[in-house]
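File shown: model-v4.txt (compact mmCIF, C-alpha atoms).
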# COMPACT_ATOMS: atom_id res chain seq x y z
CA MET A 1 44.64 -243.83 -115.46
CA SER A 2 44.19 -241.03 -117.98
CA PRO A 3 40.75 -239.47 -118.55
CA ASP A 4 38.87 -240.25 -121.74
CA ARG A 5 38.24 -237.45 -124.21
CA GLY A 6 34.66 -236.79 -123.02
CA VAL A 7 35.70 -236.39 -119.38
CA GLU A 8 38.70 -234.26 -120.34
CA ASP A 9 36.55 -231.90 -122.40
CA LEU A 10 33.93 -231.63 -119.63
CA LEU A 11 36.57 -230.82 -117.01
CA ARG A 12 38.10 -228.14 -119.22
CA GLU A 13 34.67 -226.55 -119.71
CA LEU A 14 33.83 -226.63 -115.99
CA ALA A 15 37.21 -225.48 -114.63
CA PRO A 16 36.67 -221.70 -114.95
CA ARG A 17 33.13 -221.95 -113.56
CA VAL A 18 34.34 -223.88 -110.52
CA LEU A 19 37.29 -221.54 -109.99
CA GLY A 20 34.99 -218.54 -110.28
CA ALA A 21 32.59 -220.00 -107.70
CA LEU A 22 35.40 -220.59 -105.21
CA VAL A 23 36.98 -217.17 -105.68
CA ARG A 24 33.57 -215.51 -105.33
CA ARG A 25 32.84 -217.48 -102.14
CA TYR A 26 36.21 -217.53 -100.41
CA GLY A 27 38.53 -215.07 -102.18
CA HIS A 28 42.24 -216.09 -102.23
CA PHE A 29 42.67 -216.59 -105.97
CA ASP A 30 45.94 -218.50 -105.71
CA VAL A 31 44.68 -220.92 -103.04
CA ALA A 32 41.41 -221.43 -104.96
CA GLU A 33 43.23 -222.32 -108.17
CA ASP A 34 45.37 -224.91 -106.40
CA ALA A 35 42.24 -226.43 -104.83
CA VAL A 36 40.45 -226.56 -108.20
CA GLN A 37 43.45 -228.28 -109.80
CA GLU A 38 43.35 -230.94 -107.07
CA ALA A 39 39.61 -231.43 -107.62
CA LEU A 40 40.11 -231.74 -111.39
CA LEU A 41 42.83 -234.32 -110.86
CA ALA A 42 40.57 -236.31 -108.54
CA ALA A 43 37.77 -236.20 -111.12
CA ALA A 44 40.12 -237.22 -113.94
CA LEU A 45 41.13 -240.29 -111.96
CA ARG A 46 37.70 -241.29 -110.65
CA TRP A 47 35.09 -240.34 -113.24
CA PRO A 48 36.25 -242.61 -116.08
CA ALA A 49 35.97 -245.60 -113.74
CA GLU A 50 33.02 -244.59 -111.53
CA GLY A 51 31.02 -242.57 -114.03
CA VAL A 52 30.34 -238.83 -114.25
CA PRO A 53 28.21 -237.67 -111.28
CA GLU A 54 24.73 -236.23 -111.78
CA GLN A 55 25.90 -232.71 -111.01
CA PRO A 56 29.56 -232.45 -112.12
CA PRO A 57 29.99 -228.77 -111.11
CA SER A 58 28.62 -229.43 -107.61
CA TRP A 59 30.93 -232.43 -107.22
CA LEU A 60 33.97 -230.38 -108.22
CA ILE A 61 33.02 -227.41 -106.02
CA ARG A 62 32.45 -229.69 -103.03
CA VAL A 63 35.81 -231.43 -103.42
CA ALA A 64 37.70 -228.19 -104.15
CA SER A 65 36.01 -226.46 -101.20
CA ARG A 66 37.12 -229.20 -98.82
CA ARG A 67 40.70 -228.95 -100.11
CA MET A 68 40.63 -225.18 -99.80
CA ILE A 69 39.09 -225.11 -96.34
CA ASP A 70 41.66 -227.62 -95.10
CA GLN A 71 44.43 -225.39 -96.36
CA LEU A 72 42.89 -222.21 -94.97
CA ARG A 73 42.37 -223.79 -91.54
CA GLY A 74 46.03 -224.65 -91.39
CA ASP A 75 47.02 -221.03 -91.91
CA GLN A 76 47.86 -218.79 -88.97
CA ALA A 77 45.32 -216.22 -90.16
CA ARG A 78 42.53 -218.83 -90.35
CA ARG A 79 39.99 -216.98 -88.23
CA ALA A 80 40.34 -213.68 -90.10
CA ARG A 81 40.12 -215.40 -93.47
CA GLU A 82 37.05 -217.45 -92.57
CA ALA A 83 35.28 -214.34 -91.26
CA GLN A 84 36.09 -212.47 -94.46
CA ALA A 85 34.93 -215.39 -96.60
CA ALA A 86 31.70 -215.74 -94.63
CA GLY A 87 30.81 -212.11 -95.15
CA ARG A 88 31.73 -211.96 -98.80
CA THR A 89 28.63 -213.63 -100.27
CA PRO A 90 25.31 -214.84 -98.81
CA VAL A 91 25.19 -218.62 -98.56
CA ASP A 92 22.00 -218.86 -100.60
CA GLN A 93 23.83 -217.34 -103.56
CA PHE A 94 26.44 -220.08 -103.52
CA VAL A 95 24.33 -222.39 -105.68
CA THR A 96 25.70 -224.22 -108.68
CA PRO A 97 23.45 -224.49 -111.78
CA ALA A 98 22.76 -227.78 -113.46
CA ALA A 99 25.53 -229.04 -115.73
CA ASP A 100 23.49 -228.30 -118.87
CA ALA A 101 22.47 -224.79 -117.81
CA ARG A 102 24.34 -221.52 -118.21
CA PRO A 103 23.88 -218.95 -115.45
CA ALA A 104 22.92 -215.42 -116.48
CA GLY A 105 26.02 -214.04 -114.80
CA ASP A 106 28.73 -216.42 -116.02
CA ASP A 107 31.63 -216.58 -113.58
CA SER A 108 34.01 -217.20 -116.50
CA LEU A 109 33.52 -213.63 -117.73
CA THR A 110 33.94 -212.23 -114.21
CA LEU A 111 37.10 -214.30 -113.82
CA LEU A 112 38.33 -212.97 -117.15
CA PHE A 113 38.01 -209.36 -116.00
CA LEU A 114 39.54 -210.15 -112.61
CA CYS A 115 42.66 -211.54 -114.28
CA CYS A 116 42.84 -208.40 -116.44
CA HIS A 117 42.86 -206.03 -113.46
CA PRO A 118 44.87 -202.83 -114.11
CA ALA A 119 47.03 -203.54 -111.04
CA LEU A 120 48.75 -206.18 -113.19
CA ARG A 121 50.96 -205.42 -116.17
CA PRO A 122 49.34 -206.28 -119.56
CA PRO A 123 51.59 -209.28 -120.37
CA VAL A 124 50.93 -210.70 -116.89
CA GLN A 125 47.19 -210.09 -117.26
CA ALA A 126 47.15 -212.08 -120.48
CA ALA A 127 49.29 -214.91 -119.09
CA LEU A 128 47.20 -215.30 -115.93
CA THR A 129 43.95 -215.35 -117.90
CA LEU A 130 45.26 -217.96 -120.31
CA ARG A 131 46.11 -220.10 -117.29
CA ALA A 132 42.94 -219.58 -115.23
CA VAL A 133 40.28 -219.21 -117.92
CA GLY A 134 41.81 -220.77 -121.02
CA GLY A 135 43.28 -223.76 -119.24
CA LEU A 136 46.59 -223.53 -121.11
CA SER A 137 49.68 -224.98 -119.51
CA THR A 138 52.57 -222.75 -118.45
CA ALA A 139 54.66 -224.17 -121.30
CA GLU A 140 52.00 -223.30 -123.89
CA ILE A 141 51.67 -219.76 -122.53
CA ALA A 142 55.46 -219.33 -122.57
CA ARG A 143 55.53 -220.30 -126.25
CA ALA A 144 52.72 -217.87 -127.04
CA PHE A 145 54.71 -215.01 -125.47
CA LEU A 146 58.11 -216.24 -126.74
CA VAL A 147 59.69 -216.43 -123.26
CA PRO A 148 61.30 -219.30 -121.32
CA GLU A 149 58.91 -221.48 -119.30
CA PRO A 150 60.50 -220.72 -115.87
CA THR A 151 60.12 -216.99 -116.54
CA MET A 152 56.45 -217.42 -117.33
CA ALA A 153 55.89 -219.58 -114.24
CA GLN A 154 57.34 -216.81 -112.07
CA ARG A 155 55.12 -214.18 -113.70
CA ILE A 156 51.97 -216.19 -113.10
CA ALA A 157 52.90 -216.91 -109.47
CA ARG A 158 53.55 -213.22 -108.79
CA ALA A 159 50.25 -212.27 -110.42
CA LYS A 160 48.33 -214.60 -108.10
CA GLN A 161 50.07 -213.05 -105.10
CA GLN A 162 49.19 -209.54 -106.30
CA ILE A 163 45.52 -210.46 -106.67
CA ARG A 164 45.48 -211.95 -103.17
CA ALA A 165 47.23 -208.93 -101.65
CA SER A 166 44.98 -206.39 -103.39
CA GLY A 167 41.70 -207.76 -102.00
CA MET A 168 40.06 -207.30 -105.41
CA PRO A 169 36.33 -208.12 -105.19
CA PHE A 170 35.10 -210.94 -107.38
CA GLN A 171 32.59 -209.07 -109.50
CA LEU A 172 32.32 -207.56 -112.94
CA PRO A 173 33.92 -204.10 -112.92
CA PRO A 174 31.65 -201.09 -113.44
CA ALA A 175 31.25 -199.94 -117.03
CA PRO A 176 33.87 -197.11 -116.87
CA ASP A 177 36.51 -199.57 -115.62
CA ARG A 178 35.75 -202.20 -118.26
CA ALA A 179 37.01 -200.02 -121.10
CA GLY A 180 40.49 -199.96 -119.61
CA ARG A 181 40.64 -203.74 -119.45
CA LEU A 182 38.93 -204.48 -122.74
CA ASP A 183 42.04 -204.49 -124.95
CA VAL A 184 43.76 -207.09 -122.78
CA VAL A 185 40.58 -209.19 -122.53
CA LEU A 186 40.33 -209.24 -126.32
CA GLN A 187 44.01 -210.12 -126.69
CA VAL A 188 43.62 -213.02 -124.28
CA LEU A 189 40.54 -214.38 -126.03
CA TYR A 190 42.36 -214.14 -129.37
CA LEU A 191 45.35 -216.08 -127.98
CA VAL A 192 43.07 -218.78 -126.53
CA PHE A 193 41.23 -219.09 -129.83
CA ASN A 194 44.44 -219.31 -131.86
CA GLU A 195 45.85 -222.02 -129.61
CA GLY A 196 42.61 -223.94 -130.12
CA TYR A 197 42.43 -223.41 -133.88
CA LEU A 198 46.06 -224.32 -134.53
CA SER A 199 47.75 -225.96 -131.56
CA THR A 200 51.39 -224.99 -131.03
CA SER A 201 52.27 -228.36 -129.52
CA GLY A 202 51.22 -231.99 -129.46
CA SER A 203 50.04 -234.35 -132.15
CA ARG A 204 46.58 -232.80 -132.57
CA PRO A 205 46.35 -230.04 -135.21
CA ASP A 206 43.73 -228.24 -133.12
CA ARG A 207 42.10 -228.14 -129.68
CA VAL A 208 38.43 -227.57 -130.33
CA GLU A 209 37.60 -227.14 -126.65
CA LEU A 210 39.80 -224.01 -126.47
CA SER A 211 38.47 -222.30 -129.58
CA THR A 212 34.90 -223.18 -128.59
CA GLU A 213 35.41 -221.66 -125.12
CA ALA A 214 36.96 -218.52 -126.66
CA ILE A 215 33.93 -218.09 -128.94
CA ARG A 216 31.56 -218.63 -126.00
CA LEU A 217 33.32 -215.96 -123.92
CA ALA A 218 33.42 -213.59 -126.90
CA ARG A 219 29.64 -213.97 -127.26
CA LEU A 220 29.17 -213.18 -123.56
CA LEU A 221 31.43 -210.15 -123.91
CA HIS A 222 29.55 -208.97 -127.01
CA ARG A 223 26.27 -209.15 -125.08
CA LEU A 224 27.86 -207.18 -122.25
CA VAL A 225 29.18 -204.40 -124.54
CA PRO A 226 27.16 -204.69 -127.78
CA THR A 227 28.31 -201.33 -129.18
CA ALA A 228 32.06 -202.09 -128.89
CA GLY A 229 33.23 -202.48 -132.47
CA GLU A 230 36.38 -204.43 -131.66
CA VAL A 231 34.44 -206.95 -129.55
CA ALA A 232 32.12 -207.58 -132.49
CA GLY A 233 35.15 -207.67 -134.80
CA LEU A 234 36.89 -210.32 -132.73
CA LEU A 235 33.77 -212.47 -132.47
CA ALA A 236 33.30 -212.18 -136.23
CA LEU A 237 36.96 -213.11 -136.84
CA MET A 238 36.64 -216.20 -134.66
CA LEU A 239 33.44 -217.35 -136.38
CA LEU A 240 34.79 -216.76 -139.88
CA THR A 241 38.03 -218.57 -139.11
CA ASP A 242 36.44 -221.46 -137.26
CA ALA A 243 34.00 -221.94 -140.14
CA ARG A 244 36.89 -223.38 -142.18
CA ARG A 245 37.77 -226.02 -139.58
CA PRO A 246 35.91 -228.98 -141.21
CA ALA A 247 38.01 -228.63 -144.38
CA ARG A 248 41.41 -227.89 -142.78
CA THR A 249 42.57 -231.49 -142.39
CA GLY A 250 42.29 -234.67 -144.41
CA PRO A 251 41.14 -238.11 -143.19
CA ASP A 252 44.69 -238.83 -141.98
CA GLY A 253 44.90 -235.56 -140.05
CA ALA A 254 47.21 -233.91 -142.58
CA MET A 255 46.78 -230.15 -142.95
CA ILE A 256 45.22 -228.80 -146.15
CA PRO A 257 46.10 -225.24 -147.33
CA MET A 258 43.17 -222.89 -147.78
CA ALA A 259 43.56 -222.79 -151.55
CA GLU A 260 43.12 -226.59 -151.72
CA GLN A 261 40.25 -226.95 -149.23
CA ASP A 262 36.83 -228.26 -150.21
CA ARG A 263 34.83 -225.09 -149.59
CA ARG A 264 31.57 -227.00 -149.63
CA ARG A 265 32.55 -228.21 -146.16
CA TRP A 266 32.89 -224.70 -144.74
CA ASP A 267 30.23 -223.70 -142.18
CA ARG A 268 28.16 -221.23 -144.20
CA ALA A 269 25.95 -220.28 -141.24
CA ALA A 270 29.01 -219.22 -139.23
CA ILE A 271 30.34 -217.29 -142.23
CA ALA A 272 27.03 -215.46 -142.65
CA GLU A 273 26.96 -214.56 -138.94
CA GLY A 274 30.55 -213.36 -139.04
CA VAL A 275 30.01 -211.24 -142.16
CA ALA A 276 26.91 -209.63 -140.61
CA LEU A 277 28.77 -208.86 -137.38
CA VAL A 278 31.78 -207.21 -139.01
CA THR A 279 29.66 -205.31 -141.54
CA GLU A 280 27.56 -203.84 -138.74
CA ALA A 281 30.61 -203.03 -136.59
CA MET A 282 32.47 -201.26 -139.41
CA SER A 283 29.40 -199.17 -140.21
CA HIS A 284 29.17 -197.47 -136.81
CA ALA A 285 32.30 -198.07 -134.69
CA PRO A 286 35.87 -196.73 -134.97
CA LEU A 287 37.93 -199.05 -137.15
CA GLY A 288 40.26 -201.41 -135.27
CA PRO A 289 42.61 -204.35 -135.95
CA TYR A 290 40.09 -207.09 -135.19
CA GLN A 291 37.54 -205.58 -137.54
CA LEU A 292 40.15 -205.42 -140.32
CA GLN A 293 41.15 -209.04 -139.76
CA ALA A 294 37.50 -210.06 -139.76
CA ALA A 295 36.94 -208.17 -143.02
CA ILE A 296 39.85 -210.11 -144.59
CA ALA A 297 38.43 -213.40 -143.29
CA ALA A 298 35.03 -212.43 -144.71
CA LEU A 299 36.52 -211.94 -148.19
CA HIS A 300 38.02 -215.43 -148.01
CA GLY A 301 34.76 -216.88 -146.68
CA GLU A 302 32.60 -215.32 -149.39
CA ALA A 303 34.75 -216.67 -152.24
CA GLU A 304 33.15 -219.89 -153.48
CA ARG A 305 36.41 -220.90 -155.22
CA ALA A 306 40.01 -220.02 -154.41
CA GLU A 307 40.37 -218.25 -157.75
CA ASP A 308 37.39 -216.01 -156.89
CA THR A 309 39.22 -214.48 -153.90
CA ASP A 310 39.44 -210.68 -154.04
CA TRP A 311 43.19 -210.47 -153.46
CA PRO A 312 43.58 -206.76 -154.33
CA GLN A 313 41.03 -205.89 -151.63
CA ILE A 314 42.73 -208.24 -149.17
CA LEU A 315 46.10 -206.64 -149.92
CA ALA A 316 44.67 -203.18 -149.29
CA LEU A 317 43.23 -204.30 -145.94
CA TYR A 318 46.53 -205.89 -144.92
CA GLY A 319 48.28 -202.63 -145.78
CA MET A 320 45.96 -200.76 -143.40
CA LEU A 321 46.40 -203.41 -140.72
CA ASP A 322 50.18 -203.38 -141.07
CA ARG A 323 50.32 -199.59 -140.63
CA MET A 324 47.95 -199.80 -137.66
CA THR A 325 49.71 -202.59 -135.72
CA GLY A 326 53.29 -203.00 -136.89
CA ASN A 327 52.82 -206.72 -136.17
CA PRO A 328 55.35 -208.88 -138.07
CA VAL A 329 52.80 -211.68 -138.50
CA VAL A 330 50.57 -209.19 -140.32
CA THR A 331 53.51 -208.34 -142.59
CA LEU A 332 53.93 -212.04 -143.35
CA ASN A 333 50.32 -212.30 -144.45
CA ARG A 334 50.60 -209.07 -146.39
CA ALA A 335 53.58 -210.56 -148.27
CA VAL A 336 51.44 -213.54 -149.34
CA ALA A 337 48.68 -211.19 -150.53
CA ALA A 338 51.23 -209.04 -152.41
CA ALA A 339 52.53 -212.17 -154.14
CA MET A 340 48.99 -213.06 -155.23
CA VAL A 341 48.47 -209.59 -156.72
CA HIS A 342 51.92 -208.53 -157.97
CA GLY A 343 53.87 -211.78 -158.15
CA PRO A 344 56.15 -213.69 -155.76
CA ARG A 345 59.07 -211.25 -156.01
CA ALA A 346 56.91 -208.49 -154.55
CA GLY A 347 56.07 -210.74 -151.61
CA LEU A 348 59.71 -211.72 -151.07
CA ALA A 349 60.72 -208.07 -150.96
CA LEU A 350 58.30 -207.49 -148.05
CA LEU A 351 59.91 -210.36 -146.13
CA GLU A 352 63.45 -208.94 -146.18
CA PRO A 353 63.04 -206.48 -143.25
CA LEU A 354 61.60 -209.30 -141.11
CA ASP A 355 64.93 -211.16 -141.06
CA ALA A 356 66.04 -208.87 -138.24
CA ASP A 357 62.86 -209.28 -136.17
CA GLN A 358 63.58 -211.75 -133.36
CA ARG A 359 59.88 -212.27 -132.73
CA LEU A 360 59.80 -214.22 -136.00
CA THR A 361 63.29 -215.63 -136.38
CA ARG A 362 62.77 -217.96 -133.40
CA GLY A 363 59.77 -219.61 -135.04
CA HIS A 364 58.98 -221.35 -138.30
CA ARG A 365 56.52 -219.02 -140.02
CA LEU A 366 59.01 -216.74 -141.77
CA ASP A 367 60.81 -219.73 -143.29
CA ALA A 368 57.51 -221.32 -144.30
CA VAL A 369 56.22 -218.24 -146.12
CA ARG A 370 59.59 -217.61 -147.77
CA ALA A 371 59.70 -221.23 -148.96
CA HIS A 372 56.24 -220.90 -150.50
CA LEU A 373 57.12 -217.67 -152.32
CA LEU A 374 60.52 -218.97 -153.50
CA GLU A 375 58.83 -222.04 -154.95
CA ARG A 376 56.35 -219.84 -156.79
CA SER A 377 59.22 -217.76 -158.15
CA GLY A 378 60.95 -220.86 -159.54
CA ASP A 379 63.80 -221.03 -156.98
CA HIS A 380 63.21 -224.63 -155.95
CA GLU A 381 66.58 -225.11 -154.27
CA GLY A 382 66.01 -222.07 -152.03
CA ALA A 383 62.45 -223.16 -151.32
CA LEU A 384 63.62 -226.64 -150.30
CA ALA A 385 66.14 -225.21 -147.82
CA HIS A 386 63.52 -223.00 -146.18
CA TYR A 387 60.86 -225.75 -146.05
CA ARG A 388 63.38 -227.92 -144.21
CA ALA A 389 64.30 -225.08 -141.82
CA ALA A 390 60.60 -224.40 -141.12
CA ALA A 391 59.93 -228.09 -140.45
CA ARG A 392 62.79 -228.20 -137.93
CA ARG A 393 61.46 -225.18 -136.03
CA ALA A 394 57.73 -226.00 -136.01
CA THR A 395 56.49 -227.09 -132.57
CA SER A 396 53.14 -228.46 -133.78
CA VAL A 397 53.33 -232.03 -135.06
CA ALA A 398 50.69 -231.30 -137.72
CA GLU A 399 52.55 -228.26 -139.07
CA ARG A 400 55.91 -230.05 -138.92
CA ARG A 401 54.46 -232.94 -140.87
CA TYR A 402 52.96 -230.65 -143.49
CA LEU A 403 56.23 -228.72 -143.97
CA ALA A 404 58.27 -231.92 -144.11
CA THR A 405 55.87 -233.25 -146.76
CA GLN A 406 56.34 -230.09 -148.81
CA ALA A 407 60.11 -230.43 -148.53
CA ALA A 408 60.00 -234.10 -149.57
CA ARG A 409 57.77 -233.28 -152.54
CA LEU A 410 60.10 -230.52 -153.67
CA ALA A 411 63.20 -232.70 -153.20
CA ALA A 412 61.62 -235.41 -155.36
CA ASP A 413 60.69 -232.86 -158.03
CA ASN A 414 64.21 -231.44 -158.02
CA ALA A 415 65.72 -234.91 -158.33
CA ALA A 416 63.35 -235.78 -161.17
CA ASN A 417 64.20 -232.55 -162.99
CA GLU A 418 67.94 -233.20 -162.60
CA THR A 419 67.53 -236.72 -163.96
CA ALA A 420 65.50 -235.44 -166.88
CA SER A 421 68.09 -232.72 -167.60
CA THR A 422 70.92 -235.26 -167.51
CA GLU A 423 69.07 -237.60 -169.87
CA THR A 424 68.28 -234.75 -172.24
CA ALA A 425 71.91 -233.62 -172.30
CA ALA A 426 73.10 -237.18 -172.94
CA THR A 427 70.58 -237.58 -175.75
CA GLU A 428 71.64 -234.32 -177.38
CA THR A 429 75.33 -235.28 -177.11
CA ALA A 430 74.71 -238.68 -178.65
CA SER A 431 72.66 -237.08 -181.42
CA THR A 432 75.44 -234.63 -182.23
CA GLU A 433 78.08 -237.37 -182.32
CA ASN A 434 75.96 -239.56 -184.59
CA SER A 435 75.32 -236.65 -186.92
CA ALA A 436 79.02 -235.84 -187.10
CA ALA A 437 79.93 -239.45 -187.82
CA GLU A 438 77.48 -239.60 -190.68
CA ASN A 439 78.57 -236.23 -192.11
CA PRO A 440 82.34 -235.65 -191.71
CA ASP A 441 82.03 -232.19 -193.25
CA ALA A 442 79.94 -231.17 -190.27
CA ARG A 443 82.76 -231.81 -187.76
CA PRO A 444 84.43 -228.85 -186.10
CA ALA A 445 87.73 -227.68 -187.56
CA SER A 446 89.53 -228.63 -184.33
CA ALA A 447 88.37 -232.22 -184.73
CA GLU A 448 89.71 -232.38 -188.27
CA ALA A 449 93.04 -231.02 -187.08

Any chance you could put this one into C-alpha cells?
Amino acid sequence: MSPDRGVEDLLRELAPRVLGALVRRYGHFDVAEDAVQEALLAAALRWPAEGVPEQPPSWLIRVASRRMIDQLRGDQARRAREAQAAGRTPVDQFVTPAADARPAGDDSLTLLFLCCHPALRPPVQAALTLRAVGGLSTAEIARAFLVPEPTMAQRIARAKQQIRASGMPFQLPPAPDRAGRLDVVLQVLYLVFNEGYLSTSGSRPDRVELSTEAIRLARLLHRLVPTAGEVAGLLALMLLTDARRPARTGPDGAMIPMAEQDRRRWDRAAIAEGVALVTEAMSHAPLGPYQLQAAIAALHGEAERAEDTDWPQILALYGMLDRMTGNPVVTLNRAVAAAMVHGPRAGLALLEPLDADQRLTRGHRLDAVRAHLLERSGDHEGALAHYRAAARRATSVAERRYLATQAARLAADNAANETASTETAATETASTENSAAENPDARPASAEA
C-alpha cells in the first residue's frame, strides 16, 4: 500500500527532525539513518490505514529508537556504545515537541551543519546533506552532480562511515567554524530548492515539499547569521523564484514560459520580501553570486508585464555573475538576456564555447536554449532539430512534454509554410503560362525557336 499525499508530505517534513533527535541521543549517524528509514517505511504502510497518530514525531522516534537499539545491542561493542549514548545527552532533553510546534533549536539546521563538516570533501558534504536533510534519493543526487548512481551511493556510504569514525558531536558548530561550512550549506540548500522548484525526474513538474523545506531552512540560517549577505541573497532568490510557482503550469500541468505567464497570479508578498532582503544585503555586505541572482529575479518580479522587463540591466548582472562564477548555466541565461537586448545572433554566439563543456552536453538545456534562439533568428529547421534533441535528453516529464510540444508546433508551422510556398509557386507558374498563351509575343525566344 502506498502512502497518500498528505502522509507522504508529513513524513518528508518529519524525517530530518527524527534523524536529528536520534543522532543527538545515540550518535552513530549511519545506523540512525537506517533506523529512521525503517520507521518511515512502517509509518507509510500503517498510517494511511490506521490513521496518523496524535504525536507523529514521537511515534517515529519510538519506532526508530527500538530498531536502532536492537541493532546496537547486536554489535560486539554494545556496552561501550550504550555507555557513550547514555552520557551524550540528559534524558529530560530527549523530548519531542508537538507536531505543530517548531523547537527553538531546530535539529534540521544542526543536521545540516553536521553533514557539511570540514572532514568531508565539499561534493560529499553536499550529497550527504541532500540525502539526510533534503530527502532526495541517491539517483536524484547523482543526476544533480552528473555522476553515475553507483558512484554516488559509494560516496554517501563512505561519508556516513567518516562521520561515525570521527565522533563529531551533534551540535551547532561555534561561530568561527560556521563560516567555513557556510558555502557548502548554501549550495546544498540551493540544490534542494531547485529540485523542488523544477523536478529532474518523475511526472510532477515540481516537488513543493522540497522547495518549502529549503526555504524554511534558509530562514533558520538567516536568523542564525543575519549579517551574512549571501545567506540573505539565497533566501531572497528562493522567495522571488517560488513566487512565480502559481503561474508556471496550466490546468493540465503543462509548463508555461515566464514571458507567457499570468503575472497577476505571482505571489506579490513573497516578491516584496525578496526584494527587501536582497536590497538590504547588497547595501552592506560583500557582493556574491546569490545576491546577483536574487537581483536578477527581483527585476523579473517587479516587471508587471513581460515587455516591461529591464533586460539591459539583467544582461549587465549576468555579465558580472558569469565573470564571478564561470558557471555554464549562467552563460546560458546570459545568452538569453543578450538575445533580448542585442538580437538572437548575439545570444547564439555566446553559446558556441559551451559546445565543448561536458557539464552541459549531457543534458538538455543547451539544446533547448539554442532551439529557442534559432527560432527567433528565423532558422526553423535548426530550431526543430534542437527542440527534438532537447526533448530526448530531458529527464523531467514536464520539461520533455513542453519541448516535444514546441517541436511539434514548429514542425507543423514548417509543413504549413512549405505547403503555402508550393501552392504559391504553382499559382505563379500557372499565371505565367496563361499570360504567355494569351500573348504569344511575350513568350521567350527559346520557346519560339

Write out as JSON an axis-aligned box for range 224-236 of chain A: all of its atoms listed in the file, 5 Å added on each side, centre and edge lengths in Å with one decimal.
{"center_x": 32.0, "center_y": -206.9, "center_z": -129.2, "size_x": 19.7, "size_y": 21.1, "size_z": 24.0}

*Neighbours of point (37.6, -211.0, -115.4) within 10 Å, using only C-alpha atoms, written as an NGL selection string*: :A and (20 or 107-117 or 125 or 129 or 133 or 170-173 or 178 or 181-182 or 185)

Go ahead and save the picked residues with C-alpha atoms, as a compact mmCIF listing (two decimals), keeping the file's coordinate frame.
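Generated output (out-v6.txt):
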# COMPACT_ATOMS: atom_id res chain seq x y z
CA GLY A 20 34.99 -218.54 -110.28
CA ASP A 107 31.63 -216.58 -113.58
CA SER A 108 34.01 -217.20 -116.50
CA LEU A 109 33.52 -213.63 -117.73
CA THR A 110 33.94 -212.23 -114.21
CA LEU A 111 37.10 -214.30 -113.82
CA LEU A 112 38.33 -212.97 -117.15
CA PHE A 113 38.01 -209.36 -116.00
CA LEU A 114 39.54 -210.15 -112.61
CA CYS A 115 42.66 -211.54 -114.28
CA CYS A 116 42.84 -208.40 -116.44
CA HIS A 117 42.86 -206.03 -113.46
CA GLN A 125 47.19 -210.09 -117.26
CA THR A 129 43.95 -215.35 -117.90
CA VAL A 133 40.28 -219.21 -117.92
CA PHE A 170 35.10 -210.94 -107.38
CA GLN A 171 32.59 -209.07 -109.50
CA LEU A 172 32.32 -207.56 -112.94
CA PRO A 173 33.92 -204.10 -112.92
CA ARG A 178 35.75 -202.20 -118.26
CA ARG A 181 40.64 -203.74 -119.45
CA LEU A 182 38.93 -204.48 -122.74
CA VAL A 185 40.58 -209.19 -122.53

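You will find CA of Leu374 in chain A at 28.2 Å from CA of Glu195 in chain A.
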
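Considering all atoms listed in the file, the residue among A:Leu22, A:Val192, A:Leu224, A:Ala243 positioned nearest to Gly301 in chain A is A:Ala243.
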
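Going from CA of Ala303 in chain A over to CA of Met258 in chain A, you cover 11.4 Å.
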
*asked:* Need the shell around Ala391 in chain A: protein/DNA/RNA residues with any atom at most 7 Å away, counting only C-alpha atoms. Skip same-chain ones fewer than 4 positions apart. Format as a VMD selection string?
replied: chain A and resid 387 400 403 to 404

*Name the residues within 12 Å of (57.4, -208.6, -152.2), counting all atoms listed in the file in the file's coordinates, and put them as a PyMOL selection string.*
chain A and resi 315+331-354+369-370+373-374+377

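Near range 148-151 of chain A, within 10 Å and counting only C-alpha atoms, sit Ser137, Thr138, Ala139, Glu140, Ile141, Ala142, Arg143, Arg155 and Ile156 of chain A; same-chain residues fewer than 4 positions away were not included.
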
Serialized selection, C-alpha atoms, as an mmCIF file, keeping the file's coordinate frame:
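Saved the output as again.cif:
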data_model
loop_
_atom_site.group_PDB
_atom_site.id
_atom_site.type_symbol
_atom_site.label_atom_id
_atom_site.label_comp_id
_atom_site.auth_asym_id
_atom_site.auth_seq_id
_atom_site.Cartn_x
_atom_site.Cartn_y
_atom_site.Cartn_z
ATOM 1 C CA SER A 137 49.680 -224.980 -119.510
ATOM 2 C CA THR A 138 52.570 -222.750 -118.450
ATOM 3 C CA ALA A 139 54.660 -224.170 -121.300
ATOM 4 C CA GLU A 140 52.000 -223.300 -123.890
ATOM 5 C CA ILE A 141 51.670 -219.760 -122.530
ATOM 6 C CA ALA A 142 55.460 -219.330 -122.570
ATOM 7 C CA ARG A 143 55.530 -220.300 -126.250
ATOM 8 C CA ARG A 155 55.120 -214.180 -113.700
ATOM 9 C CA ILE A 156 51.970 -216.190 -113.100
#

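Closest approach to Ala254 in chain A among A:Glu50, A:Leu191, A:Arg164, A:Asp206: A:Asp206, based on all atoms listed in the file.
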
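Of note, CA of Val18 in chain A and CA of Ile215 in chain A are spaced 19.3 Å apart.
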
*Just the residues within 12 Å of Phe193 in chain A, please, counting all atoms listed in the file, with nothing from its chain fewer than 6 positions along; format it as a PyMOL selection string.*
chain A and resi 130+133-136+144+186-187+199-200+206-218+234-235+237-239+241-242

*Using all atoms listed in the file, which of A:Gln358, A:Gln406, A:Gln55, A:Thr325 sits nearest Gly288 in chain A?*
A:Thr325

*Find the spatial neighbours of range 295-297 of chain A, counting only C-alpha atoms, within a cut-off of 12 Å - ignore same-chain residues fewer than 2 positions away - and output them as a count of residues only.*
56

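Closest to Met68 in chain A among A:Asp34, A:Glu418, A:Asp267, A:Asp379 is A:Asp34, based on only C-alpha atoms.
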
_Nearest candidate to Glu13 in chain A (options A:Ala294, A:Ala132, A:Leu45, A:Ile69; using all atoms listed in the file)_ = A:Ala132

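Minimum atom-to-atom distance to Gly253 in chain A, evaluated using all atoms listed in the file, belongs to A:Tyr402 out of A:Tyr402, A:Lys160, A:His380, A:Ala356.
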